[in-house]
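Just below is one structure, and these are the notes that go with it.
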Amino acid sequence: MLSTTPRTSLGRSKERGRTDRADLYAVLDAGLICHLGVVVDGSPMVVPTGYGRVGDTLYLHGSTGTRSLRAAGEVCVTVTHVDGIVLARSAFHHSVNYRSAMIYGTARVVDDPDERWEGLRALTEHLAPGQWDTVRLPDKKELAGTTVIALSLAEASVKVRQGPPNDDDEDYALPVWAGVLPLRVSWGTPEPDPRLAPGIPMPSHIAERGAPAAR
């Protein structure tokens, strides 16, 4: 079950809340980019960034000079999927079908070499499953220039909205079209690097994920 704290308790639309930890994992695992909220020099900063999950820990990374990572302490991370636009009969009741997760906690810089390696692997594999075992892995210089932070998933909330619009009873008789305009996200055809050496085949984990035309 997900935690219930003053920060994760829903104030509005409580019926959209999800309490199963599996729902949190599903939202995170289906996403590619999260938004990291931190306070830098007294001002809020929200940074879009990649992430990876290992069990109940979220890993993020960046350059050692990245201000948002240097300032990381108490943070808020969000991941959102837009599944459709909900078109109601009244302007007031228009909405969005979505899945979202919000995680609060104290981020820590990962110093342990083995955990840093595991975190970087999780980040790479989250974006492109199978890629870690295909490419050149980070060398000592690259590792020295990279900061990895970890955030526990202990304090988190999940909200989901699905279904048609919820109009006022008197508005259902209006001669206005209402419904949902679904939004789908799909991979396109992989585009080879112009400097790719001749004869290098596309890895199966890329070809299988790309559009059918690429296979």
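Chains: A, B, ... in order of the structure tokens. Residues: from 1 per chain. Ligands: from 1, in order shown.
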
Q: Find the residues around Arg121 of chain A up to 7 Å (only C-alpha atoms counted), leave out those fewer than 4 positions away in its own chain, and share them as a PyMOL selection string.
A: chain A and resi 117+125+132

Q: Enumerate the residues of chain A with a DSSP assignment of strand (DSSP E), computed from the backbone, and present them as a PyMOL selection string.
A: chain A and resi 17-18+33-40+43-50+52-54+57-63+74-87+95-106+108-109+146-152+155-161+179-182

Give me every helix (DSSP H, G or I) residue in segment 2-212 of chain A, going by DSSP on the backbone, as a compact mmCIF listing (two decimals) with C-alpha atoms, in the first residue's frame.
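Done, and the output landed in selection_11.txt:
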```
# COMPACT_ATOMS: atom_id res chain seq x y z
CA LYS A 14 -10.18 11.73 -3.74
CA GLU A 15 -11.95 9.12 -5.84
CA ARG A 16 -9.11 9.38 -8.34
CA ARG A 21 1.90 0.33 -4.75
CA ALA A 22 1.61 -1.57 -8.05
CA ASP A 23 -0.20 1.47 -9.48
CA LEU A 24 2.80 3.64 -8.59
CA TYR A 25 5.18 1.23 -10.29
CA ALA A 26 2.96 1.12 -13.39
CA VAL A 27 2.95 4.91 -13.80
CA LEU A 28 6.71 5.18 -13.28
CA ASP A 29 7.61 2.23 -15.50
CA ALA A 30 5.45 3.52 -18.36
CA ARG A 67 22.51 23.14 -9.96
CA SER A 68 19.35 21.11 -9.42
CA LEU A 69 21.35 18.06 -8.35
CA ARG A 70 23.77 20.02 -6.18
CA ALA A 91 -16.69 24.55 -20.65
CA PHE A 92 -16.53 24.12 -16.88
CA HIS A 93 -16.54 20.31 -17.00
CA PRO A 113 30.39 2.62 -6.52
CA ASP A 114 28.24 -0.47 -6.90
CA GLU A 115 25.00 1.41 -6.30
CA ARG A 116 26.07 4.21 -8.66
CA TRP A 117 26.68 1.60 -11.35
CA GLU A 118 23.32 -0.02 -10.66
CA GLY A 119 21.58 3.37 -10.80
CA LEU A 120 23.19 4.32 -14.13
CA ARG A 121 22.27 0.94 -15.55
CA ALA A 122 18.67 1.41 -14.43
CA LEU A 123 18.54 4.85 -16.06
CA THR A 124 19.85 3.52 -19.38
CA GLU A 125 17.67 0.42 -19.37
CA HIS A 126 14.57 2.43 -18.53
CA LEU A 127 14.99 4.57 -21.65
CA LYS A 140 36.43 6.63 -14.86
CA LYS A 141 36.46 10.18 -16.27
CA GLU A 142 32.78 10.02 -17.21
CA LEU A 143 31.84 8.58 -13.84
CA ALA A 144 33.78 11.35 -12.08
CA ASP A 169 -27.68 16.76 -15.08
CA GLU A 170 -29.41 19.63 -16.85
CA ASP A 171 -26.64 19.87 -19.47
CA TYR A 172 -27.06 16.34 -20.83
CA ALA A 173 -29.97 17.60 -22.95
CA SER A 204 16.92 -6.43 -32.07
CA HIS A 205 15.89 -4.51 -28.94
CA ILE A 206 15.72 -1.31 -31.03
CA ALA A 207 14.10 -2.86 -34.11
CA PRO A 212 6.94 -1.83 -38.14
```

Q | Selection: 12 Å around Val79 of chain A, only C-alpha atoms, excl. self and same-chain fewer than 2 positions, as a ChimeraX atom specification | A | /A:24-37,47-51,58,76-77,81-82,98-103,156-160

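Coordinates place atom CA of Asn97 of chain A at a distance of 5.1 Å from atom CA of Gln162 of chain A.
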
Can you list, as a PDB file with C-alpha atoms, in the first residue's frame, every protein, DNA or RNA residue that comes within 8 Å of Arg108 of chain A when you count only C-alpha atoms, leaving out same-chain residues fewer than 6 positions away?
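Below is the file that was written, part-v9.pdb:
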```pdb
ATOM      1  CA  ALA A  72      18.877  18.274  -4.066  1.00  0.00           C
ATOM      2  CA  GLY A  73      17.692  17.635  -0.538  1.00  0.00           C
ATOM      3  CA  ILE A 149      20.962  10.789  -6.742  1.00  0.00           C
ATOM      4  CA  ALA A 150      18.531   8.319  -5.198  1.00  0.00           C
ATOM      5  CA  LEU A 151      15.010   8.963  -3.946  1.00  0.00           C
TER       6      LEU A 151
END
```

Q. For Gly65 of chain A, which residue out of A:Thr189, A:Asn166, A:Thr147, A:Thr8 is the nearest one, using only C-alpha atoms?
A.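 Smallest distance to Gly65 of chain A is found for A:Thr147.
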
I'd like a table as CSV: residues in segment 77-167 of chain A with an atom no more than 8 Å from segment 174-184 of chain A, each row giving the shortest atom pair and its distance in Å to one decimal, only C-alpha atoms counted, sorted by chain and rising residue number.
```
residue,atom,partner,partner_atom,distance
A:Val82,CA,A:Leu183,CA,6.9
A:Asp83,CA,A:Leu183,CA,5.0
A:Gly84,CA,A:Pro182,CA,4.0
A:Ile85,CA,A:Leu181,CA,5.1
A:Val86,CA,A:Val180,CA,4.6
A:Leu87,CA,A:Ala178,CA,5.2
A:Ala88,CA,A:Ala178,CA,4.9
A:Arg89,CA,A:Val176,CA,5.6
A:Gly163,CA,A:Val180,CA,7.7
A:Pro164,CA,A:Gly179,CA,5.7
A:Pro165,CA,A:Gly179,CA,6.4
```

Export of prior selection with C-alpha atoms as an mmCIF file, in the first residue's frame:
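So the final result, stored in out-v2.cif, reads:
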```
data_model
loop_
_atom_site.group_PDB
_atom_site.id
_atom_site.type_symbol
_atom_site.label_atom_id
_atom_site.label_comp_id
_atom_site.auth_asym_id
_atom_site.auth_seq_id
_atom_site.Cartn_x
_atom_site.Cartn_y
_atom_site.Cartn_z
ATOM 1 C CA VAL A 82 -2.021 12.288 -20.705
ATOM 2 C CA ASP A 83 -4.399 9.646 -22.084
ATOM 3 C CA GLY A 84 -7.070 11.880 -23.598
ATOM 4 C CA ILE A 85 -8.951 15.167 -23.618
ATOM 5 C CA VAL A 86 -12.378 14.967 -21.999
ATOM 6 C CA LEU A 87 -14.826 17.123 -23.958
ATOM 7 C CA ALA A 88 -17.919 18.013 -21.964
ATOM 8 C CA ARG A 89 -21.114 19.851 -22.862
ATOM 9 C CA GLY A 163 -13.865 7.721 -18.561
ATOM 10 C CA PRO A 164 -16.333 10.186 -20.089
ATOM 11 C CA PRO A 165 -17.187 13.717 -18.995
#
```

Q: Kindly indicate which residue among A:Leu60, A:Pro190, A:Thr66, A:Thr80 lies nearest to Val109 of chain A, using only C-alpha atoms for the distances.
A: A:Leu60
